[in-house]
file coords.txt (compact mmCIF, C-alpha atoms)
# COMPACT_ATOMS: atom_id res chain seq x y z
CA MET A 1 23.79 7.82 -24.22
CA ARG A 2 27.25 7.78 -22.67
CA PRO A 3 28.17 11.44 -23.36
CA TYR A 4 24.84 12.54 -21.92
CA LEU A 5 25.32 10.31 -18.92
CA SER A 6 28.78 11.74 -18.30
CA ASP A 7 27.45 15.30 -18.54
CA TRP A 8 24.68 15.02 -15.94
CA HIS A 9 26.88 12.87 -13.71
CA LEU A 10 29.60 15.53 -13.76
CA ARG A 11 27.16 18.36 -13.09
CA PHE A 12 25.43 16.58 -10.22
CA THR A 13 28.69 15.39 -8.68
CA THR A 14 29.91 18.98 -8.70
CA PHE A 15 26.86 20.09 -6.77
CA THR A 16 27.03 17.25 -4.26
CA SER A 17 30.61 18.16 -3.50
CA VAL A 18 29.69 21.70 -2.49
CA LYS A 19 29.95 22.10 1.27
CA SER A 20 26.62 22.65 2.97
CA LYS A 21 27.99 25.45 5.12
CA LEU A 22 26.18 28.60 4.03
CA LYS A 23 28.08 31.73 3.11
CA SER A 24 26.51 35.11 3.84
CA HIS A 25 22.79 35.77 3.89
CA PHE A 26 23.46 38.69 1.55
CA GLN A 27 25.04 36.46 -1.09
CA PHE A 28 22.28 33.89 -0.87
CA GLY A 29 19.65 36.62 -0.81
CA ILE A 30 20.88 37.83 -4.19
CA TYR A 31 20.85 34.28 -5.57
CA HIS A 32 17.44 33.58 -4.09
CA SER A 33 16.00 36.73 -5.65
CA HIS A 34 17.39 35.67 -9.01
CA LEU A 35 16.03 32.17 -8.48
CA LEU A 36 12.47 33.39 -8.04
CA THR A 37 12.45 35.96 -10.87
CA THR A 38 14.62 34.56 -13.61
CA ASN A 39 12.55 36.31 -16.24
CA HIS A 40 9.37 38.33 -16.60
CA ALA A 41 7.25 35.37 -17.69
CA GLU A 42 8.33 33.33 -14.71
CA ASP A 43 7.61 36.19 -12.33
CA SER A 44 4.16 36.55 -13.86
CA TRP A 45 3.41 32.86 -13.35
CA SER A 46 4.65 33.07 -9.78
CA LYS A 47 2.44 36.03 -8.86
CA ARG A 48 -0.57 34.54 -10.58
CA TYR A 49 -0.37 31.23 -8.73
CA ALA A 50 1.44 32.09 -5.48
CA THR A 51 -1.63 31.42 -3.36
CA MET A 52 -1.41 30.47 0.29
CA PRO A 53 -3.76 28.22 2.22
CA GLU A 54 -6.31 30.20 4.18
CA LYS A 55 -6.26 30.09 7.94
CA ILE A 56 -9.05 27.82 9.13
CA GLN A 57 -11.92 29.87 10.48
CA ASP A 58 -12.56 29.88 14.23
CA ASP A 59 -16.08 28.46 13.80
CA ALA A 60 -14.58 25.38 12.14
CA VAL A 61 -13.63 24.19 15.61
CA LYS A 62 -17.29 24.21 16.57
CA ASP A 63 -18.37 22.34 13.45
CA ASP A 64 -15.62 19.72 13.49
CA PRO A 65 -15.63 16.87 16.05
CA VAL A 66 -11.96 17.40 16.88
CA SER A 67 -10.80 17.33 20.47
CA ASN A 68 -8.83 20.22 21.93
CA MET A 69 -5.83 17.88 21.89
CA LEU A 70 -5.50 18.47 18.15
CA VAL A 71 -5.87 22.27 18.12
CA ASP A 72 -2.72 24.37 18.39
CA SER A 73 -2.38 27.90 19.79
CA PHE A 74 -3.01 29.35 16.31
CA GLY A 75 -6.33 27.57 15.86
CA ARG A 76 -5.05 24.98 13.37
CA LEU A 77 -6.84 21.63 13.48
CA HIS A 78 -4.56 18.62 13.11
CA THR A 79 -6.54 15.88 11.41
CA TYR A 80 -3.70 14.22 9.49
CA LEU A 81 -1.19 11.87 11.14
CA ARG A 82 1.89 10.54 9.35
CA ILE A 83 3.25 7.34 10.90
CA SER A 84 6.76 6.13 10.09
CA LEU A 85 6.73 2.33 10.38
CA THR A 86 10.48 1.80 10.05
CA GLU A 87 13.75 3.61 9.49
CA ARG A 88 14.98 0.82 7.25
CA CYS A 89 14.95 1.21 3.48
CA ASN A 90 15.92 -0.83 0.43
CA LEU A 91 17.26 2.29 -1.35
CA ARG A 92 19.95 4.81 -0.39
CA CYS A 93 18.67 8.03 -1.96
CA GLN A 94 21.22 10.83 -1.80
CA TYR A 95 18.78 13.53 -0.62
CA CYS A 96 17.44 11.25 2.12
CA MET A 97 20.45 9.44 3.55
CA PRO A 98 24.12 10.49 3.92
CA ALA A 99 26.61 8.49 1.86
CA GLU A 100 28.07 6.98 5.03
CA GLY A 101 24.63 5.80 6.11
CA VAL A 102 22.86 6.54 9.38
CA GLU A 103 22.62 4.82 12.72
CA LEU A 104 19.23 3.16 12.91
CA THR A 105 17.11 2.82 16.01
CA PRO A 106 17.58 -0.69 17.49
CA GLY A 107 14.65 -3.01 16.78
CA PRO A 108 13.36 -3.21 20.38
CA LEU A 109 13.07 0.59 20.49
CA VAL A 110 10.93 0.78 17.32
CA MET A 111 7.18 1.05 17.93
CA SER A 112 5.49 -2.35 17.92
CA GLN A 113 2.33 -3.08 15.97
CA SER A 114 0.16 -2.89 19.08
CA GLU A 115 1.74 0.41 20.14
CA ILE A 116 1.18 1.91 16.68
CA ILE A 117 -2.48 0.85 16.67
CA ARG A 118 -3.03 2.18 20.20
CA VAL A 119 -1.58 5.61 19.38
CA ALA A 120 -3.38 5.74 16.03
CA ASN A 121 -6.68 4.89 17.70
CA LEU A 122 -6.11 7.66 20.23
CA PHE A 123 -5.57 10.18 17.43
CA VAL A 124 -8.49 8.97 15.31
CA SER A 125 -10.90 8.94 18.25
CA SER A 126 -9.80 12.54 18.89
CA GLY A 127 -10.52 13.67 15.33
CA VAL A 128 -7.74 12.55 12.97
CA ASN A 129 -9.36 11.31 9.74
CA LYS A 130 -6.30 10.65 7.58
CA ILE A 131 -3.24 8.50 8.29
CA ARG A 132 -0.26 8.14 5.99
CA LEU A 133 2.28 5.33 6.45
CA THR A 134 5.87 6.29 5.71
CA GLY A 135 9.44 5.16 6.42
CA GLY A 136 12.21 4.30 5.64
CA GLU A 137 10.30 2.09 3.30
CA PRO A 138 7.00 1.04 4.90
CA SER A 139 6.35 -1.84 2.50
CA ILE A 140 9.34 -3.81 3.83
CA ARG A 141 7.87 -4.05 7.31
CA LYS A 142 6.76 -7.68 7.72
CA ASP A 143 3.46 -6.85 9.42
CA ILE A 144 2.46 -4.09 6.97
CA GLU A 145 -0.70 -5.91 5.85
CA GLU A 146 -1.95 -6.47 9.39
CA ILE A 147 -1.17 -2.85 10.32
CA CYS A 148 -3.16 -1.63 7.30
CA SER A 149 -6.06 -3.91 8.15
CA GLN A 150 -6.27 -2.73 11.75
CA LEU A 151 -5.85 0.95 10.91
CA SER A 152 -8.46 0.89 8.15
CA ASN A 153 -10.99 -0.47 10.65
CA LEU A 154 -10.59 2.45 13.06
CA LYS A 155 -13.94 4.23 13.34
CA GLY A 156 -13.67 7.73 11.91
CA LEU A 157 -10.66 7.14 9.66
CA LYS A 158 -11.50 8.16 6.09
CA THR A 159 -8.13 7.86 4.34
CA LEU A 160 -5.31 5.36 4.80
CA ALA A 161 -2.40 6.36 2.58
CA MET A 162 1.17 5.24 2.06
CA THR A 163 4.29 6.86 0.65
CA THR A 164 6.61 4.25 -0.84
CA ASN A 165 9.59 3.96 -3.17
CA GLY A 166 7.67 1.28 -5.05
CA LEU A 167 10.59 -1.13 -5.26
CA ALA A 168 8.80 -4.04 -3.58
CA LEU A 169 5.25 -2.77 -3.96
CA ALA A 170 3.79 -4.35 -7.11
CA ARG A 171 3.40 -7.86 -5.72
CA LYS A 172 2.09 -6.64 -2.34
CA LEU A 173 -0.31 -4.00 -3.57
CA PRO A 174 -3.38 -6.17 -4.32
CA LYS A 175 -3.39 -7.48 -0.73
CA LEU A 176 -2.65 -4.03 0.71
CA LYS A 177 -5.64 -2.64 -1.15
CA ASP A 178 -7.80 -5.42 0.26
CA CYS A 179 -6.50 -4.43 3.71
CA GLY A 180 -7.82 -0.90 3.29
CA LEU A 181 -4.96 1.08 1.74
CA ASN A 182 -6.87 3.60 -0.38
CA LEU A 183 -4.34 6.29 -1.34
CA LEU A 184 -0.83 5.88 -2.72
CA ASN A 185 2.22 8.07 -3.32
CA ILE A 186 5.17 6.50 -5.14
CA SER A 187 8.52 8.30 -5.09
CA LEU A 188 10.40 8.52 -8.39
CA ASP A 189 12.92 11.24 -9.21
CA THR A 190 14.00 10.24 -12.70
CA LEU A 191 12.73 8.39 -15.76
CA VAL A 192 16.29 7.46 -16.76
CA PRO A 193 17.39 4.09 -15.29
CA ALA A 194 21.07 5.10 -15.09
CA LYS A 195 20.19 8.26 -13.15
CA PHE A 196 17.97 6.21 -10.86
CA GLU A 197 20.87 3.93 -9.98
CA PHE A 198 23.16 6.91 -9.38
CA MET A 199 20.66 8.72 -7.14
CA THR A 200 19.45 5.71 -5.14
CA ARG A 201 22.74 3.76 -5.17
CA ARG A 202 20.62 0.74 -6.16
CA LYS A 203 19.06 -0.80 -9.29
CA GLY A 204 15.30 -1.16 -9.71
CA HIS A 205 13.91 1.60 -11.90
CA GLU A 206 11.76 -0.82 -13.90
CA ARG A 207 10.26 -2.24 -10.69
CA VAL A 208 9.14 1.22 -9.58
CA MET A 209 7.51 1.84 -12.97
CA GLU A 210 5.79 -1.54 -12.67
CA SER A 211 4.39 -0.50 -9.29
CA ILE A 212 3.02 2.75 -10.73
CA TYR A 213 1.23 0.93 -13.55
CA THR A 214 0.01 -1.81 -11.19
CA ALA A 215 -1.52 0.86 -8.98
CA VAL A 216 -3.28 2.37 -12.00
CA ASP A 217 -4.59 -1.05 -13.04
CA LEU A 218 -5.90 -1.69 -9.51
CA GLY A 219 -7.98 1.47 -9.69
CA TYR A 220 -6.02 3.90 -7.54
CA ASN A 221 -7.10 7.32 -8.77
CA PRO A 222 -5.01 9.30 -8.73
CA VAL A 223 -1.71 7.48 -8.39
CA LYS A 224 0.54 10.16 -6.94
CA VAL A 225 4.16 10.23 -8.11
CA ASN A 226 6.51 12.28 -5.90
CA CYS A 227 9.48 13.84 -7.68
CA VAL A 228 12.12 15.87 -5.81
CA VAL A 229 13.53 18.29 -8.37
CA MET A 230 17.25 19.10 -8.19
CA ARG A 231 19.14 21.41 -10.50
CA GLY A 232 21.72 19.63 -12.62
CA PHE A 233 20.18 16.24 -12.00
CA ASN A 234 16.57 15.93 -13.08
CA ASP A 235 15.34 19.47 -13.81
CA ASP A 236 15.63 18.60 -17.53
CA GLU A 237 13.01 15.84 -17.05
CA ILE A 238 10.17 17.98 -15.69
CA CYS A 239 8.15 17.94 -18.92
CA ASP A 240 8.85 14.22 -19.40
CA PHE A 241 7.22 13.61 -16.02
CA VAL A 242 4.22 15.71 -17.06
CA GLU A 243 3.79 13.38 -20.05
CA LEU A 244 3.11 10.53 -17.61
CA THR A 245 -0.24 12.19 -16.93
CA LYS A 246 -1.37 12.16 -20.57
CA ASP A 247 -3.43 8.97 -20.65
CA LYS A 248 -3.38 7.78 -17.03
CA PRO A 249 -4.85 9.07 -13.73
CA ILE A 250 -1.40 10.02 -12.44
CA ASN A 251 -0.75 13.09 -10.32
CA VAL A 252 2.91 14.10 -10.62
CA ARG A 253 4.00 16.09 -7.58
CA PHE A 254 7.12 18.21 -8.09
CA ILE A 255 8.80 18.84 -4.74
CA GLU A 256 11.27 21.60 -3.96
CA PHE A 257 14.57 20.22 -2.64
CA MET A 258 14.55 20.56 1.17
CA PRO A 259 17.42 20.58 3.69
CA PHE A 260 17.82 17.69 6.13
CA ASP A 261 20.83 16.41 8.04
CA GLY A 262 23.35 14.75 5.75
CA ASN A 263 21.77 15.52 2.36
CA VAL A 264 24.28 18.28 1.43
CA TRP A 265 21.51 20.78 0.71
CA ASN A 266 22.57 23.88 -1.18
CA VAL A 267 20.39 26.67 -2.50
CA LYS A 268 21.97 26.27 -5.95
CA LYS A 269 20.37 22.83 -6.23
CA LEU A 270 16.94 24.26 -5.50
CA VAL A 271 14.60 24.64 -8.46
CA SER A 272 11.88 26.98 -7.25
CA TYR A 273 8.14 26.59 -7.72
CA ALA A 274 8.13 29.65 -9.98
CA GLU A 275 10.83 28.20 -12.21
CA MET A 276 9.20 24.77 -12.43
CA LEU A 277 5.83 26.34 -13.19
CA ASP A 278 7.39 28.43 -15.94
CA ILE A 279 9.00 25.34 -17.52
CA VAL A 280 5.71 23.43 -17.53
CA GLY A 281 3.62 26.43 -18.56
CA LYS A 282 5.67 27.06 -21.69
CA ARG A 283 4.80 23.61 -23.05
CA PHE A 284 1.41 22.75 -21.54
CA THR A 285 -1.82 24.64 -20.88
CA LEU A 286 -2.45 24.59 -17.14
CA GLN A 287 -5.57 25.38 -15.14
CA ARG A 288 -5.32 25.96 -11.39
CA ILE A 289 -7.48 23.64 -9.30
CA GLN A 290 -9.17 25.04 -6.20
CA ASP A 291 -7.19 23.71 -3.24
CA HIS A 292 -8.45 22.81 0.22
CA PRO A 293 -7.14 25.21 2.92
CA THR A 294 -4.96 22.42 4.37
CA GLU A 295 -3.57 21.31 1.00
CA THR A 296 0.22 21.10 0.83
CA ALA A 297 0.35 21.30 -2.97
CA LYS A 298 -0.50 23.82 -5.65
CA ASN A 299 -2.58 21.66 -8.02
CA PHE A 300 -3.16 22.03 -11.76
CA SER A 301 -5.10 20.24 -14.46
CA ILE A 302 -3.57 20.04 -17.94
CA ASP A 303 -5.54 20.49 -21.14
CA GLY A 304 -5.87 17.14 -22.93
CA HIS A 305 -4.44 15.11 -20.03
CA GLN A 306 -6.23 12.61 -17.83
CA GLY A 307 -3.89 13.23 -14.91
CA THR A 308 -2.72 16.35 -13.07
CA VAL A 309 0.43 18.03 -11.77
CA SER A 310 1.17 19.58 -8.40
CA PHE A 311 3.95 21.58 -6.80
CA ILE A 312 5.10 21.19 -3.17
CA THR A 313 6.58 24.59 -2.37
CA SER A 314 7.92 24.17 1.17
CA MET A 315 10.94 26.39 0.58
CA THR A 316 9.83 29.35 -1.56
CA ASN A 317 6.10 29.56 -0.76
CA HIS A 318 5.37 27.70 2.45
CA PHE A 319 1.91 26.54 3.51
CA CYS A 320 2.38 26.60 7.27
CA SER A 321 -0.75 28.66 7.90
CA GLY A 322 -2.93 25.72 6.86
CA CYS A 323 -0.81 22.92 8.31
CA ASN A 324 -2.90 20.08 9.75
CA ARG A 325 -0.15 17.45 9.97
CA LEU A 326 1.58 15.66 12.84
CA ARG A 327 4.26 12.95 12.62
CA LEU A 328 4.80 9.83 14.67
CA LEU A 329 8.33 8.59 14.08
CA ALA A 330 9.34 4.93 14.05
CA ASP A 331 10.99 5.30 17.47
CA GLY A 332 7.74 6.64 18.94
CA ASN A 333 8.62 10.32 19.00
CA LEU A 334 5.91 12.82 18.08
CA LYS A 335 7.12 15.60 15.78
CA VAL A 336 4.73 18.51 15.25
CA CYS A 337 6.72 20.19 12.45
CA LEU A 338 8.76 18.54 9.71
CA PHE A 339 11.46 21.22 9.96
CA GLY A 340 11.38 21.74 13.72
CA PRO A 341 13.92 19.93 15.91
CA SER A 342 11.61 19.45 18.92
CA GLU A 343 10.16 16.00 19.56
CA VAL A 344 8.41 14.27 22.45
CA SER A 345 8.34 10.53 23.11
CA LEU A 346 5.06 8.63 23.22
CA ARG A 347 6.79 5.24 23.28
CA ASP A 348 8.42 5.78 26.66
CA PRO A 349 5.22 6.80 28.51
CA ILE A 350 3.39 3.87 26.92
CA ARG A 351 6.05 1.44 28.11
CA ASN A 352 5.99 3.06 31.55
CA GLY A 353 2.28 2.39 31.90
CA ALA A 354 0.70 5.71 30.91
CA ASP A 355 -3.05 5.60 30.31
CA ASP A 356 -4.78 7.26 27.37
CA ASN A 357 -5.57 10.42 29.34
CA GLU A 358 -1.90 10.90 30.17
CA LEU A 359 -0.93 10.35 26.53
CA GLN A 360 -3.54 12.89 25.44
CA GLN A 361 -2.03 15.47 27.79
CA ILE A 362 1.46 14.87 26.37
CA ILE A 363 0.18 15.15 22.80
CA SER A 364 -1.88 18.26 23.55
CA ALA A 365 1.08 20.03 25.16
CA ALA A 366 3.29 19.25 22.14
CA VAL A 367 0.65 20.47 19.67
CA LYS A 368 0.17 23.71 21.65
CA ARG A 369 3.93 24.40 21.38
CA LYS A 370 3.85 24.22 17.57
CA LYS A 371 5.10 27.43 15.98
CA ALA A 372 3.21 29.52 13.45
CA SER A 373 5.62 28.60 10.64
CA HIS A 374 9.02 27.13 9.94
CA ALA A 375 12.07 29.39 10.11
CA GLY A 376 12.69 29.74 6.37
CA MET A 377 14.99 27.68 4.18
CA PHE A 378 18.28 29.36 5.11
CA ASP A 379 17.67 29.02 8.84
CA ILE A 380 16.34 25.48 8.35
CA ALA A 381 19.60 24.56 6.63
CA LYS A 382 21.51 25.66 9.75
CA THR A 383 19.17 24.06 12.29
CA PRO A 384 20.00 20.56 13.56
CA ASN A 385 17.37 18.08 12.46
CA ARG A 386 17.25 14.37 11.75
CA PRO A 387 17.97 12.79 8.36
CA MET A 388 14.79 12.28 6.36
CA ILE A 389 15.01 8.52 6.75
CA HIS A 390 14.63 8.96 10.53
CA ILE A 391 11.74 11.42 10.24
CA GLY A 392 9.71 9.54 7.64
CA GLY A 393 9.07 10.72 4.08

call {"tool": "encode", "arguments": {"input": "coords.txt", "output": "structure tokens"}}
result
Amino acid sequence: MRPYLSDWHLRFTTFTSVKSKLKSHFQFGIYHSHLLTTNHAEDSWSKRYATMPEKIQDDAVKDDPVSNMLVDSFGRLHTYLRISLTERCNLRCQYCMPAEGVELTPGPLVMSQSEIIRVANLFVSSGVNKIRLTGGEPSIRKDIEEICSQLSNLKGLKTLAMTTNGLALARKLPKLKDCGLNLLNISLDTLVPAKFEFMTRRKGHERVMESIYTAVDLGYNPVKVNCVVMRGFNDDEICDFVELTKDKPINVRFIEFMPFDGNVWNVKKLVSYAEMLDIVGKRFTLQRIQDHPTETAKNFSIDGHQGTVSFITSMTNHFCSGCNRLRLLADGNLKVCLFGPSEVSLRDPIRNGADDNELQQIISAAVKRKKASHAGMFDIAKTPNRPMIHIGG
């Protein structure tokens, strides 16, 4: 175990020490081309499954009870709101938070429970039908159960989801389910406890696994497991993660490594969708599942497996054309694109006495300014943006 541990530790440390400053676009263009077409088989897989979400048809606006507030200038309907409940977290994941930590928003400036419910109600009454709670780590917020209970009772909301690191989830999950939490994503980037401690700078791998199995036992189907894949760290575990789906309703979601402030992103750490698909396809028989036009993932069933696998391809095969997501950050800022730097405060107008009509006008203006797509991974890496822990996972 020790020689293996030393090997991956050395390789990953080497990558994390690489400066994030990009060299020339020409040099990276060559590497990127190689990354996407490592061999003929991989290229074949990529072309076969490189589908993009369709643009939502214009007549969908007529058929869907969504207010104009949620329609951008490209006709995309935004029916999915991600709410970050806190910037605080009980882990220190290297791709999420800089080693030196980040300055957190002072408590009084974080959205209160009543403010969250008011904004959520405004979105749901305007047509949002799915809310996902994020962080930081949402499960450490003391009023998480009451927030879930109130949100799940909003008329028109169909799905209340949460993305969590699972560290403190197992004991809270039965009550959270009773409070209306009906969809769950648990983040886990390695099945090796020593790697987990290195990546998160904390212990607790067994507690995360316990949360995954607790969720299965409570009837969550599927239990989604988010795995950010990084070359030299966990790319050798891809097939081990797929094995989690053998006898349980688990959906493993492989996520391309994305650039955010402080996470020392480098294209050499990126394992592309095509490469991951090739690795899985050589060992398992995959069948593409028909995706909804707003789906962020490329989804596959696996012969002989109860669960499924998915690929989140934000960097090499983006899905901006079908984006239906908006983000409310813990400090009350509305962010219309994960990779865009522009934000607008909803907290400040609320605290200055704005009524719902005024808030709707602010939201509508922000949604209308949303761009057709993000700038591409090399430009994203150079664009100032917040650390992921501020944005919400």

call {"tool": "atom_distance", "arguments": {"input": "coords.txt", "atom1": "atom CA of A:Asn251", "atom2": "atom CA of A:Val225"}}
result
6.1 Å

call {"tool": "closest_residue", "arguments": {"input": "coords.txt", "among": "A:Arg82, A:Arg76, A:Lys177, A:Lys248", "to": "A:Asn333", "atoms": "all atoms listed in the file"}}
result
A:Arg82

call {"tool": "closest_residue", "arguments": {"input": "coords.txt", "among": "A:Lys246, A:Lys224, A:Arg327, A:Arg171", "to": "A:Glu210", "atoms": "only C-alpha atoms"}}
result
A:Arg171

call {"tool": "atom_distance", "arguments": {"input": "coords.txt", "atom1": "atom CA of A:Glu343", "atom2": "atom CA of A:Leu329"}}
result
9.4 Å

call {"tool": "residues_near_point", "arguments": {"input": "coords.txt", "point": "(8.8, 19.9, -1.7)", "cutoff": "7 Å", "atoms": "only C-alpha atoms", "output": "NGL selection string"}}
result
:A and (228 or 254-258 or 312-314)

call {"tool": "closest_residue", "arguments": {"input": "coords.txt", "among": "A:Ile144, A:Ile279, A:Val216, A:Leu91", "to": "A:Leu181", "atoms": "all atoms listed in the file"}}
result
A:Ile144

call {"tool": "atom_distance", "arguments": {"input": "coords.txt", "atom1": "atom CA of A:Ala194", "atom2": "atom CA of A:Asp278"}}
result
27.1 Å

call {"tool": "closest_residue", "arguments": {"input": "coords.txt", "among": "A:Leu346, A:Leu188, A:Ile117, A:Ala274", "to": "A:Arg253", "atoms": "all atoms listed in the file"}}
result
A:Leu188

call {"tool": "closest_residue", "arguments": {"input": "coords.txt", "among": "A:Val267, A:Ala330, A:Ile212, A:Cys323", "to": "A:Val367", "atoms": "all atoms listed in the file"}}
result
A:Cys323

call {"tool": "residues_around", "arguments": {"input": "coords.txt", "residues": "A:Lys269", "least_positions_apart": "2", "cutoff": "7 Å", "atoms": "only C-alpha atoms", "output": "PyMOL selection string"}}
result
chain A and resi 230-231+266-267+271

call {"tool": "residues_around", "arguments": {"input": "coords.txt", "residues": "A:Lys335", "least_positions_apart": "4", "cutoff": "10 Å", "atoms": "all atoms listed in the file", "output": "ChimeraX atom specification"}}
result
/A:82,325-329,339-345,363,366-367,370,391

call {"tool": "write_last_selection", "arguments": {"input": "coords.txt", "atoms": "C-alpha atoms", "output": "short mmCIF file (atom, residue, chain, number, x, y, z; two decimals), keeping the file's coordinate frame"}}
result
data_model
loop_
_atom_site.label_atom_id
_atom_site.label_comp_id
_atom_site.auth_asym_id
_atom_site.auth_seq_id
_atom_site.Cartn_x
_atom_site.Cartn_y
_atom_site.Cartn_z
CA ARG A 82 1.89 10.54 9.35
CA ARG A 325 -0.15 17.45 9.97
CA LEU A 326 1.58 15.66 12.84
CA ARG A 327 4.26 12.95 12.62
CA LEU A 328 4.80 9.83 14.67
CA LEU A 329 8.33 8.59 14.08
CA PHE A 339 11.46 21.22 9.96
CA GLY A 340 11.38 21.74 13.72
CA PRO A 341 13.92 19.93 15.91
CA SER A 342 11.61 19.45 18.92
CA GLU A 343 10.16 16.00 19.56
CA VAL A 344 8.41 14.27 22.45
CA SER A 345 8.34 10.53 23.11
CA ILE A 363 0.18 15.15 22.80
CA ALA A 366 3.29 19.25 22.14
CA VAL A 367 0.65 20.47 19.67
CA LYS A 370 3.85 24.22 17.57
CA ILE A 391 11.74 11.42 10.24
#

call {"tool": "closest_residue", "arguments": {"input": "coords.txt", "among": "A:Asn153, A:Asn234, A:Asn165, A:Gln94", "to": "A:Leu191", "atoms": "all atoms listed in the file"}}
result
A:Asn234

call {"tool": "axis_aligned_box", "arguments": {"input": "coords.txt", "around": "stretch 235-249 of chain A", "padding_each_side": "5 Å", "output": "JSON"}}
result
{"center_x": 5.4, "center_y": 13.6, "center_z": -17.2, "size_x": 30.5, "size_y": 21.7, "size_z": 16.9}
